$ cat upload_8.tsv   # TSV, C-alpha atoms
chain	number	residue	atom	x	y	z
Q	1	MET	CA	8.89	16.53	11.80
Q	2	PRO	CA	6.98	13.30	11.15
Q	3	SER	CA	5.78	12.60	7.62
Q	4	LEU	CA	3.28	10.07	6.27
Q	5	ASP	CA	3.66	8.11	3.04
Q	6	ARG	CA	1.80	5.14	1.60
Q	7	HIS	CA	3.02	1.96	-0.07
Q	8	ASP	CA	-0.01	0.12	-1.47
Q	9	SER	CA	-2.04	-0.75	1.64
Q	10	VAL	CA	0.69	0.14	4.14
Q	11	PHE	CA	1.05	3.63	5.55
Q	12	VAL	CA	4.60	4.48	6.62
Q	13	LEU	CA	4.95	7.18	9.25
Q	14	ASP	CA	8.55	8.44	9.38
Q	15	LEU	CA	9.04	9.96	12.82
Q	16	GLY	CA	11.99	12.11	11.74
Q	17	ASP	CA	15.77	12.10	11.48
Q	18	GLY	CA	16.76	13.55	14.87
Q	19	GLU	CA	16.14	12.23	18.38
Q	20	ASN	CA	12.40	12.31	17.66
Q	21	ARG	CA	11.54	13.42	21.15
Q	22	PHE	CA	7.92	14.02	22.07
Q	23	HIS	CA	7.72	17.79	21.59
Q	24	PRO	CA	4.09	19.00	21.63
Q	25	ASP	CA	4.33	19.89	17.92
Q	26	TRP	CA	5.68	16.40	17.20
Q	27	LEU	CA	2.80	14.84	19.13
Q	28	THR	CA	0.33	16.93	17.13
Q	29	ALA	CA	1.88	15.85	13.84
Q	30	VAL	CA	1.80	12.17	14.80
Q	31	GLY	CA	-1.82	12.53	15.88
Q	32	ALA	CA	-2.74	14.08	12.53
Q	33	ALA	CA	-1.05	11.19	10.72
Q	34	LEU	CA	-3.00	8.67	12.79
Q	35	ASP	CA	-6.19	10.57	11.90
Q	36	GLU	CA	-5.41	10.04	8.22
Q	37	VAL	CA	-4.73	6.34	8.71
Q	38	GLU	CA	-7.96	5.85	10.66
Q	39	LYS	CA	-10.20	7.67	8.19
Q	40	ALA	CA	-8.80	5.79	5.18
Q	41	GLU	CA	-10.94	2.98	3.82
Q	42	GLY	CA	-10.19	-0.58	2.79
Q	43	PRO	CA	-7.24	-2.80	3.73
Q	44	ARG	CA	-4.53	-0.83	5.47
Q	45	ALA	CA	-1.82	-1.14	8.09
Q	46	LEU	CA	0.72	1.19	9.67
Q	47	VAL	CA	4.50	1.08	9.97
Q	48	THR	CA	6.33	3.69	12.03
Q	49	ALA	CA	9.97	4.20	11.21
Q	50	ALA	CA	12.71	6.80	11.44
Q	51	THR	CA	15.94	7.79	9.78
Q	52	GLY	CA	19.24	8.37	11.52
Q	53	LYS	CA	20.67	7.25	14.84
Q	54	PHE	CA	17.41	7.23	16.80
Q	55	TYR	CA	13.95	5.75	16.45
Q	56	SER	CA	12.90	7.88	19.42
Q	57	ASN	CA	14.59	9.16	22.56
Q	58	GLY	CA	11.29	9.70	24.34
Q	59	LEU	CA	9.99	12.69	26.28
Q	60	ASP	CA	11.23	16.15	25.35
Q	61	LEU	CA	12.74	16.89	28.77
Q	62	ASP	CA	14.16	20.25	27.67
Q	63	TRP	CA	10.68	21.45	26.70
Q	64	LEU	CA	9.19	19.95	29.84
Q	65	PHE	CA	11.66	21.64	32.20
Q	66	ALA	CA	10.96	24.95	30.45
Q	67	HIS	CA	7.19	24.48	30.82
Q	68	THR	CA	6.80	22.88	34.25
Q	69	ASP	CA	3.35	24.45	34.62
Q	70	GLN	CA	2.18	22.18	31.78
Q	71	HIS	CA	3.65	18.97	33.18
Q	72	GLN	CA	0.36	17.17	33.81
Q	73	ASP	CA	-1.21	18.19	30.49
Q	74	TYR	CA	1.93	17.04	28.69
Q	75	VAL	CA	1.87	13.63	30.37
Q	76	VAL	CA	-1.82	13.28	29.51
Q	77	SER	CA	-1.03	13.95	25.84
Q	78	VAL	CA	1.73	11.32	25.85
Q	79	HIS	CA	-0.59	8.81	27.50
Q	80	GLU	CA	-3.21	9.60	24.87
Q	81	LEU	CA	-0.73	8.75	22.12
Q	82	PHE	CA	0.15	5.44	23.77
Q	83	ALA	CA	-3.51	4.54	24.24
Q	84	ARG	CA	-4.40	5.49	20.70
Q	85	MET	CA	-1.61	3.43	19.19
Q	86	LEU	CA	-2.38	0.46	21.45
Q	87	SER	CA	-6.02	0.43	20.32
Q	88	LEU	CA	-5.66	1.61	16.71
Q	89	PRO	CA	-8.01	-0.41	14.46
Q	90	VAL	CA	-5.22	-1.39	12.06
Q	91	ILE	CA	-2.17	-3.62	12.48
Q	92	THR	CA	0.83	-1.54	13.55
Q	93	VAL	CA	4.53	-2.37	13.22
Q	94	ALA	CA	7.45	-0.37	14.63
Q	95	ALA	CA	10.64	-0.45	12.54
Q	96	LEU	CA	13.42	0.23	15.05
Q	97	GLN	CA	16.47	1.21	13.01
Q	98	GLY	CA	18.18	3.06	15.87
Q	99	HIS	CA	18.14	3.76	19.60
Q	100	THR	CA	14.72	3.34	21.18
Q	101	PHE	CA	14.73	4.77	24.69
Q	102	ALA	CA	12.34	5.61	27.52
Q	103	ALA	CA	8.98	6.87	26.22
Q	104	GLY	CA	10.21	5.98	22.73
Q	105	ALA	CA	10.54	2.37	23.89
Q	106	MET	CA	7.07	2.55	25.42
Q	107	PHE	CA	5.70	3.93	22.15
Q	108	SER	CA	7.20	0.93	20.35
Q	109	LEU	CA	5.46	-1.41	22.81
Q	110	ALA	CA	2.11	0.18	21.93
Q	111	HIS	CA	2.54	-1.27	18.43
Q	112	ASP	CA	1.36	-4.77	17.58
Q	113	PHE	CA	4.77	-5.87	16.30
Q	114	ARG	CA	8.37	-4.63	16.39
Q	115	VAL	CA	11.32	-5.20	14.05
Q	116	MET	CA	14.77	-4.11	15.27
Q	117	ARG	CA	18.20	-3.81	13.75
Q	118	ALA	CA	20.28	-6.71	14.99
Q	119	ASP	CA	23.80	-5.30	15.01
Q	120	ARG	CA	23.53	-1.76	16.40
Q	121	GLY	CA	21.19	0.33	18.51
Q	122	TYR	CA	19.60	-0.29	21.89
Q	123	TRP	CA	16.10	-0.63	23.31
Q	124	CYS	CA	16.06	0.65	26.88
Q	125	LEU	CA	13.85	1.87	29.71
Q	126	PRO	CA	16.38	4.04	31.62
Q	127	GLU	CA	13.98	5.50	34.20
Q	128	ALA	CA	15.64	3.78	37.20
Q	129	ASP	CA	18.96	5.37	36.22
Q	130	ILE	CA	17.63	8.87	35.53
Q	131	ASN	CA	15.38	8.99	38.62
Q	132	ILE	CA	12.09	9.43	36.77
Q	133	PRO	CA	9.47	6.92	37.97
Q	134	PHE	CA	7.10	5.36	35.49
Q	135	THR	CA	3.62	6.83	35.61
Q	136	PRO	CA	0.82	4.36	36.37
Q	137	GLY	CA	-0.13	4.45	32.68
Q	138	MET	CA	3.40	3.79	31.51
Q	139	ALA	CA	3.82	0.89	33.95
Q	140	ALA	CA	0.49	-0.58	32.83
Q	141	LEU	CA	1.47	-0.34	29.17
Q	142	ILE	CA	4.86	-1.99	29.67
Q	143	GLN	CA	3.48	-4.78	31.84
Q	144	SER	CA	0.65	-5.46	29.39
Q	145	ARG	CA	3.07	-5.95	26.48
Q	146	LEU	CA	6.06	-7.75	28.01
Q	147	ALA	CA	6.42	-11.05	29.83
Q	148	PRO	CA	6.58	-10.47	33.61
Q	149	GLN	CA	10.25	-11.44	33.96
Q	150	THR	CA	11.26	-9.23	31.02
Q	151	ALA	CA	9.22	-6.27	32.29
Q	152	HIS	CA	10.75	-6.70	35.74
Q	153	GLU	CA	14.31	-6.67	34.41
Q	154	ALA	CA	13.76	-3.87	31.90
Q	155	MET	CA	12.02	-1.57	34.38
Q	156	LEU	CA	14.26	-2.16	37.41
Q	157	THR	CA	17.72	-2.49	35.86
Q	158	ALA	CA	17.53	-0.09	32.88
Q	159	ARG	CA	19.21	-2.80	30.81
Q	160	ARG	CA	20.14	-1.84	27.26
Q	161	TYR	CA	18.95	-4.58	24.94
Q	162	GLY	CA	20.57	-5.00	21.55
Q	163	GLY	CA	18.44	-6.35	18.74
Q	164	THR	CA	19.32	-10.00	19.23
Q	165	ASP	CA	18.73	-9.86	22.99
Q	166	ALA	CA	15.50	-7.92	22.49
Q	167	ALA	CA	14.23	-10.63	20.15
Q	168	ALA	CA	15.27	-13.40	22.55
Q	169	THR	CA	13.32	-11.80	25.42
Q	170	GLY	CA	10.23	-11.01	23.35
Q	171	ILE	CA	10.67	-7.24	23.39
Q	172	VAL	CA	10.80	-7.29	19.59
Q	173	ASP	CA	9.49	-9.89	17.15
Q	174	ARG	CA	12.35	-9.86	14.65
Q	175	ALA	CA	15.99	-8.77	14.65
Q	176	VAL	CA	17.30	-8.22	11.12
Q	177	THR	CA	20.08	-6.48	9.22
Q	178	GLU	CA	20.05	-2.71	8.93
Q	179	ASP	CA	18.85	-2.66	5.34
Q	180	ALA	CA	15.99	-5.06	6.10
Q	181	VAL	CA	14.39	-3.29	9.08
Q	182	ARG	CA	11.88	-1.14	7.24
Q	183	SER	CA	11.15	-3.65	4.45
Q	184	THR	CA	10.53	-6.43	6.97
Q	185	ALA	CA	8.16	-4.21	8.94
Q	186	ILE	CA	6.27	-3.34	5.76
Q	187	GLU	CA	6.09	-7.03	4.84
Q	188	ILE	CA	4.58	-7.91	8.23
Q	189	ALA	CA	2.10	-5.04	7.97
Q	190	GLN	CA	1.13	-5.87	4.40
Q	191	ALA	CA	0.30	-9.45	5.34
Q	192	GLN	CA	-2.20	-8.24	7.97
Q	193	ALA	CA	-3.66	-5.20	6.16
Q	194	ASN	CA	-6.99	-6.89	5.47
Q	195	LYS	CA	-7.72	-7.07	9.20
Q	196	ALA	CA	-8.21	-3.29	9.54
Q	197	GLY	CA	-11.55	-2.18	10.87
Q	198	ASP	CA	-13.93	-2.05	13.82
Q	199	THR	CA	-13.55	-5.71	14.78
Q	200	LEU	CA	-9.79	-5.38	15.16
Q	201	GLY	CA	-10.25	-2.19	17.18
Q	202	THR	CA	-12.71	-3.94	19.49
Q	203	ILE	CA	-10.38	-6.89	19.98
Q	204	LYS	CA	-7.55	-4.56	20.97
Q	205	ALA	CA	-9.76	-2.47	23.24
Q	206	ARG	CA	-10.91	-5.55	25.14
Q	207	MET	CA	-7.51	-7.23	25.17
Q	208	TYR	CA	-5.84	-4.19	26.74
Q	209	ALA	CA	-8.79	-2.72	28.64
Q	210	PRO	CA	-6.99	-2.34	32.03
Q	211	ALA	CA	-3.93	-0.63	30.51
Q	212	LEU	CA	-6.09	1.61	28.32
Q	213	ALA	CA	-8.20	2.67	31.30
Q	214	THR	CA	-5.08	3.64	33.25
Q	215	LEU	CA	-3.57	5.49	30.28
Q	216	ARG	CA	-6.81	7.41	29.76
Q	217	ASP	CA	-7.12	8.51	33.40
Q	218	SER	CA	-6.60	12.26	32.96
Q	219	THR	CA	-7.51	13.16	36.54
Q	220	ASN	CA	-4.42	11.66	38.18
Q	221	PRO	CA	-1.99	10.69	35.42
Q	222	LEU	CA	1.11	11.06	37.60
Q	223	GLY	CA	-0.13	8.76	40.33
$ encode --input "upload_8.tsv" --output "structure tokens"
Amino acid sequence: MPSLDRHDSVFVLDLGDGENRFHPDWLTAVGAALDEVEKAEGPRALVTAATGKFYSNGLDLDWLFAHTDQHQDYVVSVHELFARMLSLPVITVAALQGHTFAAGAMFSLAHDFRVMRADRGYWCLPEADINIPFTPGMAALIQSRLAPQTAHEAMLTARRYGGTDAAATGIVDRAVTEDAVRSTAIEIAQAQANKAGDTLGTIKARMYAPALATLRDSTNPLG
């Protein structure tokens, strides 16, 4: 399960050491960690990271197929996480040490910055290959955070981007060696920690207002 630690003014949220899929209990734990980051005072920033082969493999499809009656509520909760991260009033950095797929890739896009391992691991939106269309909220998030040509390719072709390619296309901000992923993310976060607060939150809310409105539409989240 996710765990929260603090290094000076940088909170580090470790998502776990498995596939880090979005099980409801996982979503609750991440939400509680974000509560703690938000209620803290003074300079602060957030890094999300993981240990093992995956940063996140996205939706917990096994849970979802076993609870089809809760499909819409589950999607709403995932959208809420994306919207909250996108508008969080602190600088956020995703440290992608491993595979970052599907909703996990979308979660990374909801961060302000991304650092990825250069030599191994893929960032991928596989929905076109697995026959699961993007929800309106997911599409809005992706298109608000990627250049149009990159969003088009990533969404339609399910291309697997390695770290170097992801950096070249603007999906991530830095591609570094394995042992530098987390430390680089912390360094980026630390440099911006003094920006935390209401002004930053307002800037984000206005910058991404259309995507946030779509993500927060709980009446028809599936389109």
$ closest_residue --input "upload_8.tsv" --among "Q:Val47, Q:Leu86, Q:Ala168, Q:Ala175" --to "Q:Met207" --atoms "all atoms listed in the file"
Q:Leu86
$ atom_distance --input "upload_8.tsv" --atom1 "atom CA of Q:Ala118" --atom2 "atom CA of Q:Ile186"
17.1 Å
$ atom_distance --input "upload_8.tsv" --atom1 "atom CA of Q:Leu64" --atom2 "atom CA of Q:Ala211"
24.4 Å
$ atom_distance --input "upload_8.tsv" --atom1 "atom CA of Q:Gln143" --atom2 "atom CA of Q:Met116"
20.1 Å
$ closest_residue --input "upload_8.tsv" --among "Q:Lys53, Q:His67, Q:Thr28, Q:Ile91" --to "Q:Lys195" --atoms "only C-alpha atoms"
Q:Ile91
$ closest_residue --input "upload_8.tsv" --among "Q:Thr135, Q:Ser9, Q:Thr92, Q:Thr202" --to "Q:Val75" --atoms "only C-alpha atoms"
Q:Thr135
$ residues_around --input "upload_8.tsv" --residues "Q:Ala166" --least-positions-apart "3" --cutoff "10 Å" --atoms "all atoms listed in the file" --output "ChimeraX atom specification"
/Q:114-116,118,122-124,150,160-163,169-175
$ axis_aligned_box --input "upload_8.tsv" --around "stretch 13-21 of chain Q" --padding-each-side "6 Å" --output "AutoDock Vina command-line options"
--center_x 10.9 --center_y 10.4 --center_z 15.2 --size_x 23.8 --size_y 18.4 --size_z 23.9
$ residues_around --input "upload_8.tsv" --residues "Q:Ala151" --least-positions-apart "3" --cutoff "12 Å" --atoms "all atoms listed in the file" --output "ChimeraX atom specification"
/Q:106,109,124-125,138-148,154-159,166,169-171
$ closest_residue --input "upload_8.tsv" --among "Q:Asp8, Q:Asp179, Q:Glu187, Q:Asp35" --to "Q:Gln97" --atoms "all atoms listed in the file"
Q:Asp179
$ residues_around --input "upload_8.tsv" --residues "Q:Gly52" --least-positions-apart "5" --cutoff "7 Å" --atoms "only C-alpha atoms" --output "MDAnalysis selection string"
chainID Q and resid 17:18 98
$ residues_around --input "upload_8.tsv" --residues "Q:Val76" --least-positions-apart "6" --cutoff "12 Å" --atoms "all atoms listed in the file" --output "list in words"
Pro24, Leu27, Gln70, Phe82, Ala83, Thr135, Pro136, Gly137, Met138, Thr214, Leu215, Arg216, Asp217, Ser218, Thr219, Asn220, Pro221, Leu222 and Gly223 of chain Q
$ closest_residue --input "upload_8.tsv" --among "Q:Leu200, Q:Ala49, Q:Ala29, Q:Ala185" --to "Q:Leu13" --atoms "only C-alpha atoms"
Q:Ala49
$ residues_around --input "upload_8.tsv" --residues "Q:Leu34" --least-positions-apart "3" --cutoff "12 Å" --atoms "only C-alpha atoms" --output "MDAnalysis selection string"
chainID Q and resid 2:5 11:13 27:31 37:40 45:48 81:82 84:90 92
$ closest_residue --input "upload_8.tsv" --among "Q:Arg21, Q:His79, Q:Arg6, Q:Arg44" --to "Q:Gln190" --atoms "all atoms listed in the file"
Q:Arg44
